[in-house]
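Printed here is protein_11.cif (mmCIF, C-alpha atoms):
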data_run
loop_
_atom_site.group_PDB
_atom_site.id
_atom_site.type_symbol
_atom_site.label_atom_id
_atom_site.label_comp_id
_atom_site.auth_asym_id
_atom_site.auth_seq_id
_atom_site.Cartn_x
_atom_site.Cartn_y
_atom_site.Cartn_z
ATOM 1 C CA MET A 92 -0.930 23.265 -7.570
ATOM 2 C CA LYS A 93 -4.075 22.675 -5.515
ATOM 3 C CA SER A 94 -4.029 19.609 -3.329
ATOM 4 C CA ALA A 95 -6.234 17.667 -0.935
ATOM 5 C CA VAL A 96 -5.517 15.065 1.731
ATOM 6 C CA VAL A 97 -7.857 12.099 2.293
ATOM 7 C CA LEU A 98 -8.849 11.218 5.852
ATOM 8 C CA PHE A 99 -9.834 7.720 6.930
ATOM 9 C CA PRO A 100 -10.480 6.606 10.512
ATOM 10 C CA GLY A 101 -7.100 5.528 11.882
ATOM 11 C CA ILE A 102 -4.997 7.753 9.636
ATOM 12 C CA ASN A 103 -2.512 9.682 11.762
ATOM 13 C CA ARG A 104 0.083 11.316 9.501
ATOM 14 C CA GLN A 105 -2.203 13.811 7.789
ATOM 15 C CA ARG A 106 -0.987 16.897 9.666
ATOM 16 C CA ASP A 107 2.647 16.408 8.690
ATOM 17 C CA MET A 108 1.560 15.833 5.098
ATOM 18 C CA MET A 109 -0.654 18.911 5.040
ATOM 19 C CA MET A 110 2.159 21.097 6.400
ATOM 20 C CA ALA A 111 4.568 19.724 3.803
ATOM 21 C CA LEU A 112 2.060 20.291 0.975
ATOM 22 C CA GLU A 113 1.345 23.826 2.132
ATOM 23 C CA ALA A 114 5.053 24.606 2.365
ATOM 24 C CA GLY A 115 5.734 23.086 -1.059
ATOM 25 C CA THR A 116 2.799 24.386 -3.067
ATOM 26 C CA GLY A 117 2.104 27.636 -1.218
ATOM 27 C CA ILE A 118 -1.586 26.701 -1.003
ATOM 28 C CA VAL A 119 -3.324 25.253 2.057
ATOM 29 C CA PRO A 120 -4.465 21.723 1.129
ATOM 30 C CA LEU A 121 -8.118 20.750 1.515
ATOM 31 C CA SER A 122 -9.143 17.670 3.417
ATOM 32 C CA ILE A 123 -11.514 14.984 2.115
ATOM 33 C CA TRP A 124 -13.460 12.812 4.580
ATOM 34 C CA HIS A 125 -13.703 9.154 3.604
ATOM 35 C CA THR A 126 -17.502 9.160 3.203
ATOM 36 C CA GLU A 127 -17.473 11.941 0.617
ATOM 37 C CA THR A 128 -18.539 11.043 -2.886
ATOM 38 C CA GLU A 129 -17.710 14.341 -4.556
ATOM 39 C CA LEU A 130 -14.114 15.404 -4.770
ATOM 40 C CA PRO A 131 -12.975 19.024 -4.688
ATOM 41 C CA ASP A 132 -11.395 20.380 -7.849
ATOM 42 C CA VAL A 133 -7.719 19.772 -7.117
ATOM 43 C CA ASP A 134 -4.608 18.773 -9.090
ATOM 44 C CA LEU A 135 -3.248 16.353 -6.495
ATOM 45 C CA ILE A 136 -4.898 13.989 -4.019
ATOM 46 C CA VAL A 137 -2.685 12.640 -1.243
ATOM 47 C CA ILE A 138 -3.433 9.590 0.891
ATOM 48 C CA PRO A 139 -1.284 9.936 4.008
ATOM 49 C CA GLY A 140 0.123 7.347 6.382
ATOM 50 C CA GLY A 141 -1.404 5.773 9.442
ATOM 51 C CA PHE A 142 -3.444 2.714 10.272
ATOM 52 C CA SER A 143 -6.749 3.055 8.442
ATOM 53 C CA TYR A 144 -9.401 0.802 9.992
ATOM 54 C CA GLY A 145 -6.790 -0.569 12.380
ATOM 55 C CA ASP A 146 -5.132 -2.507 9.543
ATOM 56 C CA TYR A 147 -8.011 -5.017 9.818
ATOM 57 C CA LEU A 148 -8.134 -7.797 7.200
ATOM 58 C CA ARG A 149 -5.054 -6.473 5.337
ATOM 59 C CA CYS A 150 -3.392 -3.061 5.560
ATOM 60 C CA GLY A 151 -5.398 -0.687 3.378
ATOM 61 C CA ALA A 152 -8.006 -3.297 2.398
ATOM 62 C CA ILE A 153 -11.048 -1.666 4.013
ATOM 63 C CA ALA A 154 -10.071 1.914 3.130
ATOM 64 C CA GLY A 155 -9.471 0.770 -0.438
ATOM 65 C CA ARG A 156 -13.168 -0.135 -0.745
ATOM 66 C CA SER A 157 -14.582 3.029 0.849
ATOM 67 C CA PRO A 158 -16.882 5.405 -1.084
ATOM 68 C CA VAL A 159 -14.248 8.096 -1.510
ATOM 69 C CA MET A 160 -11.792 5.662 -3.087
ATOM 70 C CA ALA A 161 -14.232 4.844 -5.895
ATOM 71 C CA GLU A 162 -14.182 8.566 -6.728
ATOM 72 C CA ILE A 163 -10.404 8.757 -6.408
ATOM 73 C CA ILE A 164 -10.025 5.817 -8.806
ATOM 74 C CA ARG A 165 -12.241 7.665 -11.293
ATOM 75 C CA ALA A 166 -10.247 10.880 -10.815
ATOM 76 C CA ALA A 167 -6.958 9.011 -11.284
ATOM 77 C CA LYS A 168 -8.216 7.541 -14.553
ATOM 78 C CA ARG A 169 -8.994 11.109 -15.679
ATOM 79 C CA GLY A 170 -5.387 12.047 -14.965
ATOM 80 C CA VAL A 171 -5.636 13.692 -11.536
ATOM 81 C CA LYS A 172 -2.360 13.139 -9.681
ATOM 82 C CA VAL A 173 -2.491 10.802 -6.688
ATOM 83 C CA LEU A 174 0.249 10.250 -4.108
ATOM 84 C CA GLY A 175 0.086 7.586 -1.390
ATOM 85 C CA VAL A 176 2.572 7.429 1.461
ATOM 86 C CA CYS A 177 2.953 4.367 3.715
ATOM 87 C CA ASN A 178 -0.644 3.314 4.505
ATOM 88 C CA GLY A 179 -1.586 5.455 1.493
ATOM 89 C CA PHE A 180 0.660 3.253 -0.682
ATOM 90 C CA GLN A 181 -0.940 0.137 0.822
ATOM 91 C CA ILE A 182 -4.383 1.550 -0.013
ATOM 92 C CA LEU A 183 -3.323 2.306 -3.604
ATOM 93 C CA VAL A 184 -2.113 -1.262 -4.206
ATOM 94 C CA GLU A 185 -5.312 -2.627 -2.633
ATOM 95 C CA THR A 186 -7.347 -0.595 -5.149
ATOM 96 C CA GLU A 187 -5.024 -1.800 -7.932
ATOM 97 C CA LEU A 188 -4.261 1.765 -8.964
ATOM 98 C CA LEU A 189 -0.704 0.549 -8.403
ATOM 99 C CA PRO A 190 0.559 -2.977 -9.083
ATOM 100 C CA GLY A 191 1.875 -5.492 -6.563
ATOM 101 C CA ALA A 192 1.202 -6.041 -2.881
ATOM 102 C CA LEU A 193 2.707 -4.904 0.425
ATOM 103 C CA MET A 194 3.294 -7.831 2.720
ATOM 104 C CA ARG A 195 4.441 -8.200 6.338
ATOM 105 C CA ASN A 196 8.073 -7.102 6.782
ATOM 106 C CA ALA A 197 10.347 -10.079 6.172
ATOM 107 C CA HIS A 198 11.770 -9.900 9.720
ATOM 108 C CA LEU A 199 8.221 -9.557 11.148
ATOM 109 C CA LYS A 200 9.108 -6.416 13.133
ATOM 110 C CA PHE A 201 7.708 -2.922 12.876
ATOM 111 C CA VAL A 202 10.548 -0.788 11.554
ATOM 112 C CA CYS A 203 10.987 2.881 12.474
ATOM 113 C CA ARG A 204 14.244 4.369 11.296
ATOM 114 C CA GLU A 205 16.002 6.267 8.555
ATOM 115 C CA VAL A 206 16.795 4.670 5.210
ATOM 116 C CA ARG A 207 18.632 5.862 2.108
ATOM 117 C CA LEU A 208 16.538 6.166 -1.028
ATOM 118 C CA ARG A 209 17.810 6.351 -4.578
ATOM 119 C CA ILE A 210 15.769 8.331 -7.091
ATOM 120 C CA GLU A 211 15.403 5.905 -9.997
ATOM 121 C CA ASN A 212 12.996 7.963 -12.085
ATOM 122 C CA ASN A 213 13.056 11.769 -11.999
ATOM 123 C CA THR A 214 10.450 12.275 -14.701
ATOM 124 C CA THR A 215 7.462 11.993 -12.323
ATOM 125 C CA PHE A 216 5.479 14.884 -10.840
ATOM 126 C CA PHE A 217 6.977 14.157 -7.417
ATOM 127 C CA THR A 218 10.641 13.666 -8.326
ATOM 128 C CA SER A 219 11.272 16.191 -11.093
ATOM 129 C CA SER A 220 13.353 18.489 -8.847
ATOM 130 C CA LEU A 221 15.886 15.752 -8.206
ATOM 131 C CA ASN A 222 18.297 13.973 -10.518
ATOM 132 C CA LYS A 223 18.174 10.321 -11.433
ATOM 133 C CA GLY A 224 20.600 8.556 -9.108
ATOM 134 C CA ASP A 225 20.336 11.128 -6.320
ATOM 135 C CA VAL A 226 20.297 9.551 -2.868
ATOM 136 C CA VAL A 227 18.245 11.043 -0.035
ATOM 137 C CA SER A 228 17.740 10.097 3.592
ATOM 138 C CA CYS A 229 14.144 9.414 4.550
ATOM 139 C CA PRO A 230 12.384 7.900 7.573
ATOM 140 C CA VAL A 231 10.278 4.741 7.398
ATOM 141 C CA ALA A 232 7.710 3.572 9.968
ATOM 142 C CA HIS A 233 5.756 0.460 9.018
ATOM 143 C CA GLY A 234 5.114 -3.197 9.709
ATOM 144 C CA ASP A 235 3.909 -4.139 6.234
ATOM 145 C CA GLY A 236 6.173 -2.593 3.613
ATOM 146 C CA ASN A 237 7.571 -5.702 1.999
ATOM 147 C CA TYR A 238 6.814 -4.987 -1.658
ATOM 148 C CA PHE A 239 5.926 -8.004 -3.752
ATOM 149 C CA ALA A 240 5.017 -8.416 -7.399
ATOM 150 C CA SER A 241 4.948 -11.440 -9.678
ATOM 151 C CA ASP A 242 8.057 -12.014 -11.805
ATOM 152 C CA ASP A 243 6.238 -10.829 -14.935
ATOM 153 C CA LYS A 244 4.937 -7.678 -13.278
ATOM 154 C CA LEU A 245 8.334 -6.980 -11.762
ATOM 155 C CA LYS A 246 10.063 -7.250 -15.103
ATOM 156 C CA GLN A 247 7.480 -4.934 -16.609
ATOM 157 C CA LEU A 248 7.968 -2.359 -13.801
ATOM 158 C CA GLU A 249 11.738 -2.431 -14.203
ATOM 159 C CA ASP A 250 11.671 -2.369 -18.009
ATOM 160 C CA GLU A 251 9.302 0.589 -18.039
ATOM 161 C CA GLY A 252 11.290 2.539 -15.430
ATOM 162 C CA ARG A 253 8.362 2.555 -13.042
ATOM 163 C CA VAL A 254 10.386 1.966 -9.891
ATOM 164 C CA VAL A 255 10.643 5.569 -8.638
ATOM 165 C CA PHE A 256 12.331 5.051 -5.268
ATOM 166 C CA ARG A 257 14.698 2.229 -4.352
ATOM 167 C CA TYR A 258 16.326 1.491 -0.987
ATOM 168 C CA VAL A 259 20.065 1.863 -1.328
ATOM 169 C CA GLU A 260 21.682 -1.540 -1.032
ATOM 170 C CA GLY A 261 22.013 -2.513 2.612
ATOM 171 C CA THR A 262 19.230 -0.233 3.857
ATOM 172 C CA ASN A 263 16.203 -2.260 2.665
ATOM 173 C CA PRO A 264 14.177 -2.226 5.906
ATOM 174 C CA ASN A 265 11.523 -4.819 5.041
ATOM 175 C CA GLY A 266 12.711 -7.368 2.477
ATOM 176 C CA ALA A 267 11.000 -5.660 -0.473
ATOM 177 C CA VAL A 268 11.751 -7.378 -3.764
ATOM 178 C CA ASN A 269 14.427 -5.562 -5.838
ATOM 179 C CA ASP A 270 14.735 -3.071 -2.910
ATOM 180 C CA ILE A 271 11.603 -1.325 -4.202
ATOM 181 C CA ALA A 272 10.409 1.561 -2.004
ATOM 182 C CA GLY A 273 8.036 3.320 -4.390
ATOM 183 C CA VAL A 274 6.452 2.884 -7.831
ATOM 184 C CA VAL A 275 4.420 4.843 -10.376
ATOM 185 C CA ASN A 276 1.530 3.687 -12.555
ATOM 186 C CA ARG A 277 1.871 3.419 -16.317
ATOM 187 C CA GLN A 278 0.068 6.726 -16.942
ATOM 188 C CA GLY A 279 2.556 8.425 -14.619
ATOM 189 C CA ASN A 280 -0.001 10.164 -12.397
ATOM 190 C CA VAL A 281 -0.232 7.762 -9.433
ATOM 191 C CA ILE A 282 2.769 7.296 -7.128
ATOM 192 C CA GLY A 283 3.062 5.277 -3.930
ATOM 193 C CA LEU A 284 5.971 4.865 -1.544
ATOM 194 C CA MET A 285 6.488 3.366 1.905
ATOM 195 C CA PRO A 286 8.909 5.998 3.362
ATOM 196 C CA HIS A 287 7.732 9.317 4.811
ATOM 197 C CA PRO A 288 9.383 12.161 2.853
ATOM 198 C CA GLU A 289 7.060 14.671 4.579
ATOM 199 C CA ASN A 290 9.107 14.026 7.722
ATOM 200 C CA MET A 291 12.470 15.051 6.258
ATOM 201 C CA ILE A 292 11.889 18.542 4.926
ATOM 202 C CA GLU A 293 12.818 21.055 7.632
ATOM 203 C CA ALA A 294 15.757 21.684 9.936
ATOM 204 C CA MET A 295 13.817 20.382 12.923
ATOM 205 C CA HIS A 296 13.588 16.978 11.206
ATOM 206 C CA GLY A 297 17.365 16.737 11.357
ATOM 207 C CA ARG A 298 17.781 16.872 7.586
ATOM 208 C CA THR A 299 15.984 18.476 4.666
ATOM 209 C CA ASP A 300 16.795 15.820 2.051
ATOM 210 C CA CYS A 301 13.184 15.377 0.914
ATOM 211 C CA TRP A 302 12.289 19.065 0.590
ATOM 212 C CA PRO A 303 12.928 19.101 -3.201
ATOM 213 C CA LEU A 304 10.109 16.558 -3.623
ATOM 214 C CA PHE A 305 7.594 19.006 -2.157
ATOM 215 C CA GLU A 306 9.222 22.118 -3.539
ATOM 216 C CA GLY A 307 8.891 20.592 -7.002
ATOM 217 C CA LEU A 308 5.121 20.195 -6.627
ATOM 218 C CA ALA A 309 4.597 23.931 -7.104
ATOM 219 C CA ALA A 310 5.827 23.648 -10.676
ATOM 220 C CA ALA A 311 4.425 20.174 -11.434
ATOM 221 C CA MET B 6 -34.577 -17.003 1.018
ATOM 222 C CA PRO B 7 -32.627 -19.684 2.889
ATOM 223 C CA THR B 8 -29.561 -18.751 4.866
ATOM 224 C CA MET B 9 -26.474 -20.762 4.107
ATOM 225 C CA LYS B 10 -23.180 -21.081 5.875
ATOM 226 C CA ALA B 11 -20.170 -20.239 3.742
ATOM 227 C CA ARG B 12 -16.666 -21.111 4.808
ATOM 228 C CA VAL B 13 -13.800 -19.359 3.055
ATOM 229 C CA LYS B 14 -10.147 -20.341 3.269
ATOM 230 C CA VAL B 15 -7.609 -17.767 2.041
ATOM 231 C CA THR B 16 -4.052 -18.968 1.535
ATOM 232 C CA LEU B 17 -0.875 -17.484 0.092
ATOM 233 C CA LYS B 18 -0.102 -18.473 -3.469
ATOM 234 C CA ASN B 19 2.791 -20.807 -4.138
ATOM 235 C CA GLY B 20 6.001 -18.886 -4.559
ATOM 236 C CA VAL B 21 4.948 -16.025 -2.267
ATOM 237 C CA LEU B 22 7.255 -15.995 0.735
ATOM 238 C CA ASP B 23 5.511 -16.325 4.091
ATOM 239 C CA PRO B 24 7.720 -14.958 6.866
ATOM 240 C CA GLN B 25 4.989 -15.525 9.446
ATOM 241 C CA GLY B 26 4.728 -19.172 8.453
ATOM 242 C CA LYS B 27 8.501 -19.467 8.753
ATOM 243 C CA ALA B 28 8.453 -17.929 12.241
ATOM 244 C CA ILE B 29 5.715 -20.371 13.305
ATOM 245 C CA GLU B 30 7.762 -23.244 11.880
ATOM 246 C CA HIS B 31 10.785 -22.142 13.950
ATOM 247 C CA ALA B 32 8.602 -21.871 17.060
ATOM 248 C CA LEU B 33 7.246 -25.383 16.526
ATOM 249 C CA ASP B 34 10.788 -26.622 16.107
ATOM 250 C CA SER B 35 11.870 -24.945 19.328
ATOM 251 C CA LEU B 36 8.945 -26.609 21.143
ATOM 252 C CA GLY B 37 10.413 -29.938 20.134
ATOM 253 C CA PHE B 38 8.100 -30.813 17.235
ATOM 254 C CA ASP B 39 10.536 -32.450 14.877
ATOM 255 C CA GLY B 40 10.000 -32.999 11.195
ATOM 256 C CA VAL B 41 7.695 -30.030 10.551
ATOM 257 C CA SER B 42 8.253 -28.075 7.351
ATOM 258 C CA GLY B 43 6.395 -25.980 4.815
ATOM 259 C CA VAL B 44 4.278 -24.073 7.387
ATOM 260 C CA ARG B 45 2.041 -21.522 5.634
ATOM 261 C CA GLN B 46 -0.299 -19.161 7.455
ATOM 262 C CA GLY B 47 -3.709 -18.285 6.038
ATOM 263 C CA ARG B 48 -7.108 -16.808 6.952
ATOM 264 C CA TYR B 49 -10.460 -18.425 7.569
ATOM 265 C CA PHE B 50 -13.885 -16.763 7.359
ATOM 266 C CA GLU B 51 -17.383 -17.974 8.183
ATOM 267 C CA LEU B 52 -20.320 -16.114 6.635
ATOM 268 C CA ASP B 53 -24.085 -16.532 6.836
ATOM 269 C CA VAL B 54 -25.375 -15.770 3.355
ATOM 270 C CA ASP B 55 -28.980 -15.416 2.211
ATOM 271 C CA ALA B 56 -29.247 -16.876 -1.287
ATOM 272 C CA GLY B 57 -31.744 -18.692 -3.513
ATOM 273 C CA ASP B 58 -29.641 -21.826 -3.714
ATOM 274 C CA LYS B 59 -26.168 -23.149 -3.151
ATOM 275 C CA ALA B 60 -24.903 -22.059 -6.568
ATOM 276 C CA ALA B 61 -26.135 -18.501 -6.020
ATOM 277 C CA ALA B 62 -24.421 -18.402 -2.629
ATOM 278 C CA GLU B 63 -21.168 -19.614 -4.197
ATOM 279 C CA THR B 64 -21.369 -16.969 -6.917
ATOM 280 C CA SER B 65 -21.977 -14.275 -4.345
ATOM 281 C CA VAL B 66 -19.128 -15.395 -2.039
ATOM 282 C CA THR B 67 -16.759 -15.690 -5.017
ATOM 283 C CA ALA B 68 -17.430 -12.024 -5.785
ATOM 284 C CA MET B 69 -16.782 -11.171 -2.118
ATOM 285 C CA CYS B 70 -13.443 -12.980 -2.271
ATOM 286 C CA ASP B 71 -12.392 -11.221 -5.472
ATOM 287 C CA LYS B 72 -13.440 -7.802 -4.182
ATOM 288 C CA LEU B 73 -12.402 -7.905 -0.542
ATOM 289 C CA LEU B 74 -11.707 -11.115 1.360
ATOM 290 C CA ALA B 75 -8.620 -12.100 -0.644
ATOM 291 C CA ASN B 76 -5.885 -10.084 -2.305
ATOM 292 C CA THR B 77 -5.645 -12.095 -5.493
ATOM 293 C CA VAL B 78 -2.214 -10.663 -6.261
ATOM 294 C CA ILE B 79 -0.781 -12.852 -3.503
ATOM 295 C CA GLU B 80 -3.611 -15.067 -2.244
ATOM 296 C CA ASN B 81 -5.835 -17.943 -3.414
ATOM 297 C CA TYR B 82 -9.196 -18.801 -1.876
ATOM 298 C CA GLU B 83 -11.427 -21.840 -1.463
ATOM 299 C CA ILE B 84 -15.164 -21.628 -0.808
ATOM 300 C CA GLU B 85 -17.403 -24.221 0.773
ATOM 301 C CA VAL B 86 -21.167 -23.620 1.111
ATOM 302 C CA SER B 87 -23.484 -25.805 3.223
#
Would you encode the structure as structure tokens?
Amino acid sequence: MKSAVVLFPGINRQRDMMMALEAGTGIVPLSIWHTETELPDVDLIVIPGGFSYGDYLRCGAIAGRSPVMAEIIRAAKRGVKVLGVCNGFQILVETELLPGALMRNAHLKFVCREVRLRIENNTTFFTSSLNKGDVVSCPVAHGDGNYFASDDKLKQLEDEGRVVFRYVEGTNPNGAVNDIAGVVNRQGNVIGLMPHPENMIEAMHGRTDCWPLFEGLAAA
Amino acid sequence: MPTMKARVKVTLKNGVLDPQGKAIEHALDSLGFDGVSGVRQGRYFELDVDAGDKAAAETSVTAMCDKLLANTVIENYEIEVS
């Protein structure tokens, strides 16, 4: 699988993501600068974490309206896979490629720690190497990860099995509704999550719980 | 084309929890302001807009709100042009 990582001013987790993608897919990912209006021919576009445009207005709001995102929206509609992590997830909900909104953490504090994530849907391109119900440790680092969706939208997400990652009860770090940590679009090719699985894949990270997510990309 | 002043108020929709508003409410309480409840935090923008007339300015600012200034999943907006 060929992949590319999108770079916005203020993004800071791209190196970790690129290393994880290279390790998982065996191919060095390309990088896409935010002003580009032509995308390289890749199977997967990843929007990494960070603080694009200093989180001005709302997290991900400005990046979501940048030239490259218009192209990424078009690519996603064609079926190109898109993964957003942390700020990348915030950008994807701002573009409405994913439903809902990510609000300020309920306790108003930036949270940087490990959580436990349950795999709720293992039929996606990012979770196919794990089993439904598997629980992995994963770090989070965000101030605005409090997932919100209207009651109707929430019911739809749950009924359609589109919650991919859920915080294990008692580890919800931000007040997200239904303990939602990550969701997938209806087509199944756009996934966003607040935690940072790219930071739990090698021995030096303390655990390798999230390695199967990246390992599985090679076959996806 | 005349330049008009647009004022935009963005507020959270009813039913969307506002932890920042709650924290402000607690702070007001701790400062001794009794009887304060229902504090909700919002955003306020002022824009100078070139437009043919007031209606055109309102149409233009409405599009700005829908596309950028507000997240209509969680927020409402009010526009005033003068």
Shell around range 52-58 of chain B at 6 Å using only C-alpha atoms, local window under 4 positions removed, as number ranges by chain: B: 6-11, 62
Dump as a compact mmCIF listing (two decimals), in the coordinates of the input, selection limited to C-alpha atoms:
# COMPACT_ATOMS: atom_id res chain seq x y z
CA MET B 6 -34.58 -17.00 1.02
CA PRO B 7 -32.63 -19.68 2.89
CA THR B 8 -29.56 -18.75 4.87
CA MET B 9 -26.47 -20.76 4.11
CA LYS B 10 -23.18 -21.08 5.88
CA ALA B 11 -20.17 -20.24 3.74
CA ALA B 62 -24.42 -18.40 -2.63
Test item: the PyMOL selection byres ((chain B) within 9 of (chain A)) resolved as a VMD selection string: chain B and resid 21 to 25 28 72 to 76 78 to 79
Phe256 in chain A environment, 7 Å, only C-alpha atoms, sequence neighbours closer than 3 positions dropped, as a PyMOL selection string: chain A and resi 208-211+271-274
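Every residue that the PyMOL selection byres ((chain A and resi 161-170) around 9) selects in this file is listed here: Glu127, Thr128, Glu129, Leu130, Asp134, Ile136, Gly155, Arg156, Ser157, Pro158, Val159, Met160, Val171, Lys172, Val173, Thr186, Leu188, Gln278, Gly279, Asn280 and Val281 of chain A.
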Proximity to Ala310 in chain A - best of A:Val202, A:Asn263, A:Phe217, A:Pro288, only C-alpha atoms: A:Phe217
Protein, DNA and RNA residues within 9 Å of (4.7, 19.6, -1.8), all atoms listed in the file, as a ChimeraX atom specification: /A:92,94,108-117,217,289,302-309
Selection from above, C-alpha atoms, as a PDB file, in the coordinates of the input, can you write it?
ATOM      1  CA  MET A  92      -0.930  23.265  -7.570  1.00  0.00           C
ATOM      2  CA  SER A  94      -4.029  19.609  -3.329  1.00  0.00           C
ATOM      3  CA  MET A 108       1.560  15.833   5.098  1.00  0.00           C
ATOM      4  CA  MET A 109      -0.654  18.911   5.040  1.00  0.00           C
ATOM      5  CA  MET A 110       2.159  21.097   6.400  1.00  0.00           C
ATOM      6  CA  ALA A 111       4.568  19.724   3.803  1.00  0.00           C
ATOM      7  CA  LEU A 112       2.060  20.291   0.975  1.00  0.00           C
ATOM      8  CA  GLU A 113       1.345  23.826   2.132  1.00  0.00           C
ATOM      9  CA  ALA A 114       5.053  24.606   2.365  1.00  0.00           C
ATOM     10  CA  GLY A 115       5.734  23.086  -1.059  1.00  0.00           C
ATOM     11  CA  THR A 116       2.799  24.386  -3.067  1.00  0.00           C
ATOM     12  CA  GLY A 117       2.104  27.636  -1.218  1.00  0.00           C
ATOM     13  CA  PHE A 217       6.977  14.157  -7.417  1.00  0.00           C
ATOM     14  CA  GLU A 289       7.060  14.671   4.579  1.00  0.00           C
ATOM     15  CA  TRP A 302      12.289  19.065   0.590  1.00  0.00           C
ATOM     16  CA  PRO A 303      12.928  19.101  -3.201  1.00  0.00           C
ATOM     17  CA  LEU A 304      10.109  16.558  -3.623  1.00  0.00           C
ATOM     18  CA  PHE A 305       7.594  19.006  -2.157  1.00  0.00           C
ATOM     19  CA  GLU A 306       9.222  22.118  -3.539  1.00  0.00           C
ATOM     20  CA  GLY A 307       8.891  20.592  -7.002  1.00  0.00           C
ATOM     21  CA  LEU A 308       5.121  20.195  -6.627  1.00  0.00           C
ATOM     22  CA  ALA A 309       4.597  23.931  -7.104  1.00  0.00           C
TER      23      ALA A 309
END
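Residues captured in this structure file are A:Ala197, A:Asn237, A:Asn265, A:Ala267, according to the PyMOL selection byres ((chain A and resi 266) around 6).
Going from CA of Gly20 in chain B over to CA of Gly145 in chain A, you cover 28.0 Å.
Of the residues listed (A:Leu245, A:Cys229, A:Ile118, A:Cys203), A:Cys229 shows the shortest atom-to-atom separation from His296 in chain A; distances use all atoms listed in the file.
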Range 270-273 of chain A, all listed atoms, 6 Å padding on each side: what axis-aligned box centre and edge lengths in Å to one decimal come out, as AutoDock Vina command-line options?
--center_x 11.4 --center_y 0.1 --center_z -3.2 --size_x 18.7 --size_y 18.4 --size_z 14.4
Residue neighbourhood Gly47 in chain B, 9 Å, all atoms listed in the file, exclusion window fewer than 2 positions, as a PyMOL selection string: chain B and resi 14-17+26+45+49+80
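Atom pair CA of Arg253 in chain A / CA of Asn212 in chain A has a distance of 7.2 Å (rounded to one decimal).
The spacing separating CA of Asn213 in chain A from CA of Ile182 in chain A amounts to 23.5 Å.
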Test item: residues at most 12 Å from Asp146 in chain A, only C-alpha atoms, excluding those fewer than 4 positions along its chain, as a PyMOL selection string: chain A and resi 99-102+140-142+150-155+178-179+181-182+195+233-235
